[in-house]
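K.L.:
Just passing along the structure, written as structure tokens.
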Amino acid sequence: MRTAPWRQRWQQWQSLRPKLHRDGASLPAALLLASLQRQLDGEQLQVISLQLQPEESVLELDIQQPLRARLQLFFYFGELDWPKRTLLIHYRLQGTPHDNGLIRRALGALLLTALDAGLGSHLLQRLAAELAFLDIQPQYIVVHLDQLPPFTRWQEQSFPGKSLARHLQLKSITTPPGHLRLTLGWHRQG
């Protein structure tokens, strides 16, 4: 039995919508991938895929400079420090060269060996230079949540005369298969 075209469009639209829960929301990987592609795709970099899994997630990138290569950024979420509005993301890089020529493949292999030796953070810093909310270190990334545009809008939302962020706090970020799960809770002041 064929699915009607309107039903396919509806299912596709639904797959790109956040899902609300009583204690937060889930963002589908497809929605996050589309957002990353809008922000990062350019002449030097293309975001290829995003796979969210409970243990370790993968962001796949194609880079064009200094050499063509496919990079896999394996990551998982670490400590969330709500008072400082920071989130730690632990990561490691792997890659494969994409050039056809023998010399360029050899240079690509050297570049990827350098990534494995811990120099990947410099490449990530260069590729994400315009993203001021990221502080990229050799084994982890610090995300400054208060500098993320969606978070800034959320903090400015008013709720009985005060910002919404004064009443609610982000409790955890997890990655059930195919989703980014944000769990919220009431902020206890005092």
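Going through the structure tokens in order, the chains are called A, B, and so on, while each chain numbers its residues from 1 and the ligands are numbered from 1 in the order shown.
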Quick one: residues within 7 Å of stretch 135-146 of chain A, only C-alpha atoms, excluding same-chain residues fewer than 2 positions away - as a VMD selection string?
P.N.:
chain A and resid 85 to 92 118 121 125 133 148 151 to 152
K.L.:
Just checking: using only C-alpha atoms, which residue out of A:Gln64, A:Gln51, A:Gln39, A:Gln14 ends up closest to A:His179?
P.N.:
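For A:His179, the nearest of the candidates is A:Gln51.
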K.L.:
Nearest to A:Tyr76: which of A:Leu124, A:Ile173, A:Leu32, A:Ile63 is it, counting only C-alpha atoms?
P.N.:
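Selected residue with least distance to A:Tyr76: A:Ile173.
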K.L.:
Just to confirm, what's the straight-line distance from atom CA of A:Lys171 to atom CA of A:Trp82 in Å (one decimal)?
P.N.:
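Spanning atom CA of A:Lys171 to atom CA of A:Trp82 is a straight-line distance of 7.7 Å.
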K.L.:
Between A:Arg68, A:Arg9, A:His187, A:His21, which has the minimum distance to A:Glu43 (counting only C-alpha atoms)?
P.N.:
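Once distances to A:Glu43 are computed over only C-alpha atoms, the minimum belongs to A:Arg68.
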K.L.:
Which residue out of A:Gln147, A:Gln37, A:Ser172, A:Thr183 has the minimum interatomic distance to A:Leu80 when only C-alpha atoms are used?
P.N.:
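Looking at the shortest contact to A:Leu80, the residue is A:Ser172.
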K.L.:
Which polymer residues have any atom within 12 Å of an atom of A:Leu182, counting only C-alpha atoms, with same-chain residues fewer than 3 positions away left out, as a ChimeraX atom specification?
P.N.:
/A:18-28,77,80,169-176,179,185
K.L.:
Out of stretch 15-45 of chain A, which residues get alpha helix (DSSP H) from DSSP, as an MDAnalysis selection string?
P.N.:
chainID A and resid 15 29:40
K.L.:
Taking N, CA and C atoms for each residue, export the selection above as a PDB file, in the first residue's frame.
P.N.:
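Done, and the output landed in again14.pdb:
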```pdb
ATOM      1  N   SER A  15       8.981  14.800  11.782  1.00  0.00           N
ATOM      2  CA  SER A  15      10.318  14.327  12.157  1.00  0.00           C
ATOM      3  C   SER A  15      11.276  15.483  12.420  1.00  0.00           C
ATOM      4  N   ALA A  29      17.461  14.457  15.758  1.00  0.00           N
ATOM      5  CA  ALA A  29      18.769  14.620  15.113  1.00  0.00           C
ATOM      6  C   ALA A  29      18.638  15.324  13.766  1.00  0.00           C
ATOM      7  N   ALA A  30      17.567  15.049  13.014  1.00  0.00           N
ATOM      8  CA  ALA A  30      17.378  15.682  11.703  1.00  0.00           C
ATOM      9  C   ALA A  30      17.250  17.202  11.828  1.00  0.00           C
ATOM     10  N   LEU A  31      16.572  17.671  12.855  1.00  0.00           N
ATOM     11  CA  LEU A  31      16.431  19.110  13.093  1.00  0.00           C
ATOM     12  C   LEU A  31      17.784  19.731  13.440  1.00  0.00           C
ATOM     13  N   LEU A  32      18.541  19.063  14.325  1.00  0.00           N
ATOM     14  CA  LEU A  32      19.860  19.561  14.713  1.00  0.00           C
ATOM     15  C   LEU A  32      20.827  19.543  13.534  1.00  0.00           C
ATOM     16  N   LEU A  33      20.766  18.494  12.712  1.00  0.00           N
ATOM     17  CA  LEU A  33      21.622  18.406  11.532  1.00  0.00           C
ATOM     18  C   LEU A  33      21.336  19.554  10.574  1.00  0.00           C
ATOM     19  N   ALA A  34      20.062  19.828  10.314  1.00  0.00           N
ATOM     20  CA  ALA A  34      19.707  20.931   9.417  1.00  0.00           C
ATOM     21  C   ALA A  34      20.221  22.267   9.959  1.00  0.00           C
ATOM     22  N   SER A  35      20.124  22.466  11.260  1.00  0.00           N
ATOM     23  CA  SER A  35      20.612  23.699  11.881  1.00  0.00           C
ATOM     24  C   SER A  35      22.136  23.812  11.770  1.00  0.00           C
ATOM     25  N   LEU A  36      22.846  22.708  12.033  1.00  0.00           N
ATOM     26  CA  LEU A  36      24.307  22.707  11.909  1.00  0.00           C
ATOM     27  C   LEU A  36      24.731  22.975  10.465  1.00  0.00           C
ATOM     28  N   GLN A  37      24.039  22.401   9.515  1.00  0.00           N
ATOM     29  CA  GLN A  37      24.372  22.622   8.107  1.00  0.00           C
ATOM     30  C   GLN A  37      24.173  24.082   7.724  1.00  0.00           C
ATOM     31  N   ARG A  38      23.085  24.708   8.205  1.00  0.00           N
ATOM     32  CA  ARG A  38      22.860  26.129   7.907  1.00  0.00           C
ATOM     33  C   ARG A  38      23.978  27.001   8.482  1.00  0.00           C
ATOM     34  N   GLN A  39      24.431  26.675   9.696  1.00  0.00           N
ATOM     35  CA  GLN A  39      25.435  27.495  10.365  1.00  0.00           C
ATOM     36  C   GLN A  39      26.852  27.241   9.877  1.00  0.00           C
ATOM     37  N   LEU A  40      27.199  25.996   9.537  1.00  0.00           N
ATOM     38  CA  LEU A  40      28.600  25.652   9.314  1.00  0.00           C
ATOM     39  C   LEU A  40      28.987  25.382   7.862  1.00  0.00           C
TER      40      LEU A  40
END
```
K.L.:
Suppose you want the space between atom CA of A:Asp41 and atom CA of A:Glu60; what is it in Å?
P.N.:
12.2 Å
